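Comments concern the structure below.
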Amino acid sequence: MWGAALAAAMLLAAASTQSAYAADAPILRKGSVSIGGGMAGGERSYSYYVSPGANRFGYNLVVYALHDNGQSAEEFARSSGWLKVADEHNLVVVFPEGPNKTWSPYSTDNSIYLKAVYDNASNHMTVDRPTGAAPPLPAPDAGAPRVVAQGDEPAAARRPAGPIRIGTWQPWQYFTGAGAGAIAAQEFAIDYPGVVTALATLDGVAYDAAYRKGEETVQGFLENQRGGHMAKPQYQPAKKDVPVPTWLFTSGPPNAAESRLANYWKHSDAVTPAAATRVVGGFQTVVYTNAAHPEQQVRTTAAPEGTKYDAGMAEAIWSQFFAHIARWTDSPNGTLGPMMTEPEVNQAFTIKTLASGDRTYKYYVKTPSSYRKGQSVPLVIALHGGNYPAWMYLSQIRMHEVGEKEGFVTVYLNGQNNFWDFTKADGADAQTIEKLIGQVATDYGIDRSRVYLQGFSFGSGMTFMMGMAHPELFAAVSPNSGIGDTPVDVDAWVRNLKAKSDIRIPEMMIYGAMDPGGSTDGKIPATGILRTAIDRMKTYNHITTPDRTAKFVSPNTAPYDILVPGAKLTVSGVDAHFPAGRFLRYDYVSADPKPLPLFSFVLVNDMPHGSDLRQAQMAWDFFKNWRRNPDGSVVYVGS
């Protein structure tokens with residue numbers, strides 16, 4: 001079945017390569033949104049293009065490209081060069097449409113429409129399934145990736161038959177435009193900065209009404225992953241203080257309005273006054289950078305008078321700007337960070353394959369510069385989330401950067417169709433992870449007593465299951481942001497395992513307080529996924545520390561019971577945004593004659609379904625304290 005699905009994807013890609021962009025060829029698909037009154041009101045449409053190389057089994061990077069007045073979306077799609085760029089870089093491009101080829105003169109109307117397009121496109125862009133392809137794909141579906149925590153879904157869920165939905169996610173949403181479309185894009189970014197990864201426009205300005213919106217408190221949309229009520233974030237900056245990397249092209253020297261816009265974004269990105277002038281993608285460009293956060297940039301390019309938005313500009317914007325920036329979902333408005341393209345990943349990592357049954361798995365290896373062949377070093381295996389291929393995930397977790405500093409080998413394993421099956425303790429994925437350890441040990445001489453497993457979302461569910469069902473393979477594990485219900489078959493396997501030996505598994509579980517697995521108010525619910533997972537780990541590791549429940553009077557819902565862990569609490573991550581600390585770490589110890597700190601639960605304030613950029617180091621600082629003896633027992637080597 002897996003092979004058939006992959007073949008179907010190849011057929012679909014081949015069938016879609018008819019992008020010659022002939023004037024009479026319909027190349028864009030249509031979407032529609034229904035919104036309120038004003039010039040933006042009623043039923044509105046937008047167009048989109050899915051390149052043949054776009055990911056049918058995972059997330060895609062999405063560019064929103066806005067036409068100038070007097071152009072249709074189709075005309076701009078052809079003239080701007082974004083179709084060609086999309087094909088060359090495997091992108092999805094959305095082309096919002098002004099009514100009668102004209103954008104409203106009122107920024108609110110445009111922003112309401114663009115936000116509706118943003119929300120709708122994330123879950124409704126599709127491509128046709130190839131004729132004869134098996135309808136159901138063999139992997140669980142993440143549902144609506146903007147609002148659903150993938151790791152908390154039943155692993156048995158299936159994608160429906162019919163068109164293939166094109167997956168997107170919040171870190172990769174880029175906006176661009178020309179003329180009146182540039183104005184609409186700029187004013188949208190001022191009004192909704194937390195959803196725009198980066199911005200690039202030709203002859204864009206903003207008007208007073210838009211700048212006044214910059215003084216408002218930012219919405220924090222990334223935190224609202226339930227589609228309903230949410231607690232107020234602890235950190236609530238003004239919109240003007242949320243950084244948006246911006247490249248401003250002008251046809252001729254910038255006028256006063258364009259200079260004012262550049263100054264707005266210089267404040268937003270907190271760039272230094274000093275600038276570097278260099279040629280970027282063929283354009284003489286002045287670059288202002290935030291020294292502490294290089295992705296926060298403002299670029300200005302004064303092109304010759306009469307310069308049009310064309311394929312050369314689109315290619316420069318993509319390959320020299322957008323492609324290397326992500327807005328990682330670690331906070332209500334995300335945190336800007338670097339992103340490697342797939343070709344860059346392929347060049348920077350050693351790519352290997354592993355045959356397991358009738359399947360072939362790909363994995364990416366990074367050795368620290370201190371590594372020498374035959375050296376016995378630790379191994380950390382990282383598992384991506386559902387829909388989230390390893391080459392993308394590694395830019396978010398950056399475990400290999402910690403490996404460079406700490407001296408361990410990092411492996412990012414890619415699941416079949418970018419998912420994991422943790423419903424079976426002896427399933428294909430579980431067997432593959434065991435084989436992977438053996439193969440990496442043979443190739444790199446890793447220390448089998450220091451093998452560790454980390455995972456995010458669906459990868460977290462896989463990590464949680466592997467830690468309980470195959471603890472002998474690992475010295476410690478760290479499931480992050482997603483657990484999932486433990487299937488009956490896995491429960492039976494674990495009971496049988498524990499009946500044979502009192503084996504333990506050191507575990508650090510990290511979870512966002514605003515992930516849908518938590519409560520609306522950023523608390524640990526007294527019932528549900530998190531409570532069950534905590535109780536499982538306590539029982540598994542002979543931890544008898546009592547927890548208690550308390551009634552919480554919520555400003556968002558009816559009162560409900562929350563869990564108050566009885567473990568030792570350590571608060572860290574104190575900074576200007578979180579003066580009371582961001583990380584709430586609860587350390588449990590076992591009820592042995594010599595107690596062992598076998599389980600740590602970390603709740604991350606204000607974090608939705610995502611990863612804080614410090615999590616890899618946090619996991620390693622837990623991992624390095626543990627070794628696994630040949631007899632299956634664990635040794636705590638920490639202080």
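In the structure tokens, the first chain shown is A, the next is B, and so on; residue numbers restart at 1 for each chain, and ligands run from 1 in the order shown.
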
### Message
Applying 12 Å and only C-alpha atoms, which residues near Ala178 of chain A remain after dropping the ones on its own chain fewer than 2 positions away? List them as an MDAnalysis selection string.
### Response
chainID A and resid 64:71 73 76:77 79:80 103 175:176 180:186 199:205 248:251 307:310 313:314

Can you spit out the residues from that selection as a compact mmCIF listing (two decimals), in the first residue's frame, using N, CA, C and O atoms?
```txt
# COMPACT_ATOMS: atom_id res chain seq x y z
N TYR A 64 2.19 34.45 -0.67
CA TYR A 64 0.98 35.19 -1.03
C TYR A 64 1.42 36.37 -1.88
O TYR A 64 2.11 37.27 -1.39
N ALA A 65 1.05 36.39 -3.17
CA ALA A 65 1.53 37.39 -4.12
C ALA A 65 0.35 38.25 -4.59
O ALA A 65 -0.59 37.73 -5.20
N LEU A 66 0.41 39.55 -4.34
CA LEU A 66 -0.70 40.46 -4.58
C LEU A 66 -0.44 41.34 -5.81
O LEU A 66 0.58 42.03 -5.89
N HIS A 67 -1.39 41.32 -6.74
CA HIS A 67 -1.28 42.06 -8.00
C HIS A 67 -1.45 43.55 -7.78
O HIS A 67 -1.99 44.02 -6.77
N ASP A 68 -1.03 44.34 -8.75
CA ASP A 68 -1.27 45.78 -8.76
C ASP A 68 -2.69 46.04 -9.29
O ASP A 68 -3.32 45.15 -9.89
N ASN A 69 -3.19 47.24 -9.07
CA ASN A 69 -4.47 47.62 -9.68
C ASN A 69 -4.37 47.52 -11.20
O ASN A 69 -3.34 47.84 -11.80
N GLY A 70 -5.44 47.06 -11.81
CA GLY A 70 -5.47 46.92 -13.26
C GLY A 70 -5.02 45.55 -13.74
O GLY A 70 -5.12 45.26 -14.93
N GLN A 71 -4.55 44.70 -12.84
CA GLN A 71 -4.15 43.34 -13.20
C GLN A 71 -5.10 42.35 -12.53
O GLN A 71 -5.59 42.58 -11.43
N ALA A 73 -5.45 38.40 -10.96
CA ALA A 73 -4.53 37.47 -10.30
C ALA A 73 -3.81 36.61 -11.34
O ALA A 73 -2.60 36.35 -11.23
N PHE A 76 -1.08 38.68 -13.08
CA PHE A 76 0.08 38.87 -12.21
C PHE A 76 0.84 37.57 -12.01
O PHE A 76 2.08 37.56 -11.94
N ALA A 77 0.12 36.48 -11.95
CA ALA A 77 0.79 35.18 -11.81
C ALA A 77 1.76 34.95 -12.95
O ALA A 77 2.87 34.44 -12.76
N SER A 79 3.02 37.44 -15.14
CA SER A 79 4.02 38.49 -15.34
C SER A 79 5.03 38.59 -14.21
O SER A 79 6.18 38.99 -14.42
N SER A 80 4.64 38.19 -12.99
CA SER A 80 5.51 38.36 -11.83
C SER A 80 6.63 37.34 -11.76
O SER A 80 7.62 37.54 -11.04
N TRP A 103 -7.71 47.02 -5.56
CA TRP A 103 -7.70 46.89 -4.11
C TRP A 103 -8.44 48.05 -3.47
O TRP A 103 -8.42 49.18 -3.97
N PHE A 175 4.66 37.09 2.27
CA PHE A 175 3.79 38.01 1.55
C PHE A 175 4.61 38.92 0.66
O PHE A 175 5.68 39.41 1.05
N THR A 176 4.08 39.17 -0.52
CA THR A 176 4.74 40.06 -1.47
C THR A 176 3.68 40.70 -2.35
O THR A 176 2.53 40.25 -2.41
N ALA A 180 -0.42 48.77 -5.83
CA ALA A 180 -1.53 48.75 -4.88
C ALA A 180 -1.54 47.45 -4.08
O ALA A 180 -1.91 47.43 -2.90
N GLY A 181 -1.11 46.34 -4.71
CA GLY A 181 -0.99 45.08 -3.98
C GLY A 181 0.11 45.14 -2.94
O GLY A 181 0.00 44.51 -1.88
N ALA A 182 1.16 45.92 -3.21
CA ALA A 182 2.22 46.11 -2.21
C ALA A 182 1.69 46.87 -1.01
O ALA A 182 2.03 46.57 0.14
N ILE A 183 0.86 47.88 -1.26
CA ILE A 183 0.26 48.64 -0.16
C ILE A 183 -0.60 47.72 0.70
O ILE A 183 -0.52 47.72 1.93
N ALA A 184 -1.44 46.90 0.04
CA ALA A 184 -2.30 45.97 0.78
C ALA A 184 -1.48 44.99 1.59
O ALA A 184 -1.80 44.69 2.76
N ALA A 185 -0.40 44.48 1.01
CA ALA A 185 0.46 43.53 1.73
C ALA A 185 1.14 44.20 2.91
O ALA A 185 1.23 43.62 4.01
N GLN A 186 1.63 45.42 2.72
CA GLN A 186 2.31 46.13 3.81
C GLN A 186 1.35 46.41 4.95
O GLN A 186 1.67 46.20 6.13
N LEU A 199 8.32 39.66 4.35
CA LEU A 199 7.55 40.55 3.49
C LEU A 199 8.49 41.20 2.47
O LEU A 199 9.59 41.63 2.83
N ALA A 200 8.06 41.27 1.21
CA ALA A 200 8.86 41.95 0.19
C ALA A 200 7.92 42.58 -0.83
O ALA A 200 7.03 41.90 -1.36
N THR A 201 8.08 43.87 -1.09
CA THR A 201 7.16 44.56 -1.98
C THR A 201 7.89 45.53 -2.89
O THR A 201 8.99 46.00 -2.58
N LEU A 202 7.24 45.85 -4.00
CA LEU A 202 7.72 46.87 -4.93
C LEU A 202 6.77 48.07 -4.87
O LEU A 202 5.57 47.92 -5.10
N ASP A 203 7.32 49.24 -4.50
CA ASP A 203 6.56 50.49 -4.43
C ASP A 203 5.42 50.40 -3.42
O ASP A 203 4.30 50.84 -3.67
N GLY A 204 5.73 49.81 -2.28
CA GLY A 204 4.74 49.71 -1.22
C GLY A 204 4.87 50.87 -0.24
O GLY A 204 5.97 51.34 0.05
N VAL A 205 3.73 51.33 0.27
CA VAL A 205 3.69 52.33 1.33
C VAL A 205 2.60 51.91 2.31
O VAL A 205 1.95 50.87 2.12
N LEU A 248 12.19 46.13 0.87
CA LEU A 248 11.45 47.19 0.21
C LEU A 248 12.13 47.59 -1.09
O LEU A 248 13.22 48.19 -1.08
N PHE A 249 11.49 47.26 -2.21
CA PHE A 249 11.96 47.71 -3.52
C PHE A 249 11.20 48.99 -3.90
O PHE A 249 9.98 49.08 -3.68
N THR A 250 11.91 49.95 -4.46
CA THR A 250 11.25 51.13 -5.02
C THR A 250 11.75 51.33 -6.44
O THR A 250 12.92 51.06 -6.74
N SER A 251 10.86 51.75 -7.33
CA SER A 251 11.28 52.06 -8.70
C SER A 251 11.71 53.52 -8.71
O SER A 251 10.90 54.42 -8.84
N THR A 307 11.01 50.18 -13.14
CA THR A 307 11.24 48.76 -12.86
C THR A 307 9.91 48.06 -12.59
O THR A 307 9.07 48.55 -11.84
N LYS A 308 9.72 46.92 -13.23
CA LYS A 308 8.52 46.12 -13.05
C LYS A 308 8.81 44.90 -12.18
O LYS A 308 9.94 44.42 -12.11
N TYR A 309 7.77 44.43 -11.53
CA TYR A 309 7.88 43.19 -10.74
C TYR A 309 7.92 42.03 -11.74
O TYR A 309 6.94 41.75 -12.40
N ASP A 310 9.07 41.36 -11.85
CA ASP A 310 9.20 40.30 -12.83
C ASP A 310 9.86 39.08 -12.22
O ASP A 310 10.09 39.01 -11.00
N MET A 313 13.01 39.57 -10.06
CA MET A 313 12.73 40.07 -8.72
C MET A 313 12.15 38.95 -7.84
O MET A 313 12.54 38.78 -6.68
N ALA A 314 11.22 38.18 -8.40
CA ALA A 314 10.61 37.08 -7.64
C ALA A 314 11.67 36.07 -7.22
O ALA A 314 11.68 35.59 -6.07
```

Which residues of segment 372-460 of chain A come within 9 Å of segment 479-490 of chain A, and for each one, what is the closest pair of atoms and their distance in Å to one decimal, counting only C-alpha atoms, sorted by chain and residue number, as a Markdown table?
```
| residue | atom | partner | partner_atom | distance |
| --- | --- | --- | --- | --- |
| A:Phe422 | CA | A:Thr486 | CA | 8.4 |
| A:Thr423 | CA | A:Pro487 | CA | 5.7 |
| A:Lys424 | CA | A:Val490 | CA | 5.9 |
| A:Ala425 | CA | A:Val490 | CA | 5.4 |
| A:Asp426 | CA | A:Val490 | CA | 8.8 |
| A:Leu453 | CA | A:Pro479 | CA | 8.1 |
| A:Gln454 | CA | A:Pro479 | CA | 5.7 |
| A:Gly455 | CA | A:Pro479 | CA | 5.1 |
| A:Phe456 | CA | A:Asn480 | CA | 4.9 |
| A:Ser457 | CA | A:Gly482 | CA | 4.4 |
| A:Phe458 | CA | A:Gly482 | CA | 6.5 |
| A:Gly459 | CA | A:Pro479 | CA | 7.5 |
| A:Ser460 | CA | A:Pro479 | CA | 4.2 |
```

How close does segment 426-541 of chain A get to segment 325-332 of chain A? List, as JSON lines, each residue of segment 426-541 of chain A within 12 Å, its nearest atom pair and the distance in Å to one decimal, counting only C-alpha atoms.
```
{"residue": "A:Ser481", "atom": "CA", "partner": "A:Asp330", "partner_atom": "CA", "distance": 10.9}
{"residue": "A:Tyr511", "atom": "CA", "partner": "A:Asp330", "partner_atom": "CA", "distance": 10.7}
{"residue": "A:Gly512", "atom": "CA", "partner": "A:Asp330", "partner_atom": "CA", "distance": 8.2}
{"residue": "A:Ala513", "atom": "CA", "partner": "A:Ser331", "partner_atom": "CA", "distance": 10.2}
{"residue": "A:Met514", "atom": "CA", "partner": "A:Pro332", "partner_atom": "CA", "distance": 8.8}
{"residue": "A:Asp515", "atom": "CA", "partner": "A:Asp330", "partner_atom": "CA", "distance": 10.1}
```

Output file for the selection above: C-alpha atoms, as a short mmCIF file (atom, residue, chain, number, x, y, z; two decimals), in the first residue's frame:
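Saved to part-v2.cif:
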```cif
data_model
loop_
_atom_site.label_atom_id
_atom_site.label_comp_id
_atom_site.auth_asym_id
_atom_site.auth_seq_id
_atom_site.Cartn_x
_atom_site.Cartn_y
_atom_site.Cartn_z
CA SER A 481 4.42 18.50 22.22
CA TYR A 511 4.85 20.53 26.46
CA GLY A 512 3.54 23.98 25.55
CA ALA A 513 1.11 25.45 28.03
CA MET A 514 -1.04 26.66 25.12
CA ASP A 515 -0.79 23.48 23.07
#
```

### All alpha helix (DSSP H) residues (DSSP, backbone) inside segment 351-459 of chain A, as a ChimeraX atom specification
/A:390-397,399-406,428-444,458-459

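Closest approach to Lys498 of chain A among A:Ala469, A:Val571, A:Ala262, A:Ile164 is made by A:Ala469 (distances from only C-alpha atoms).
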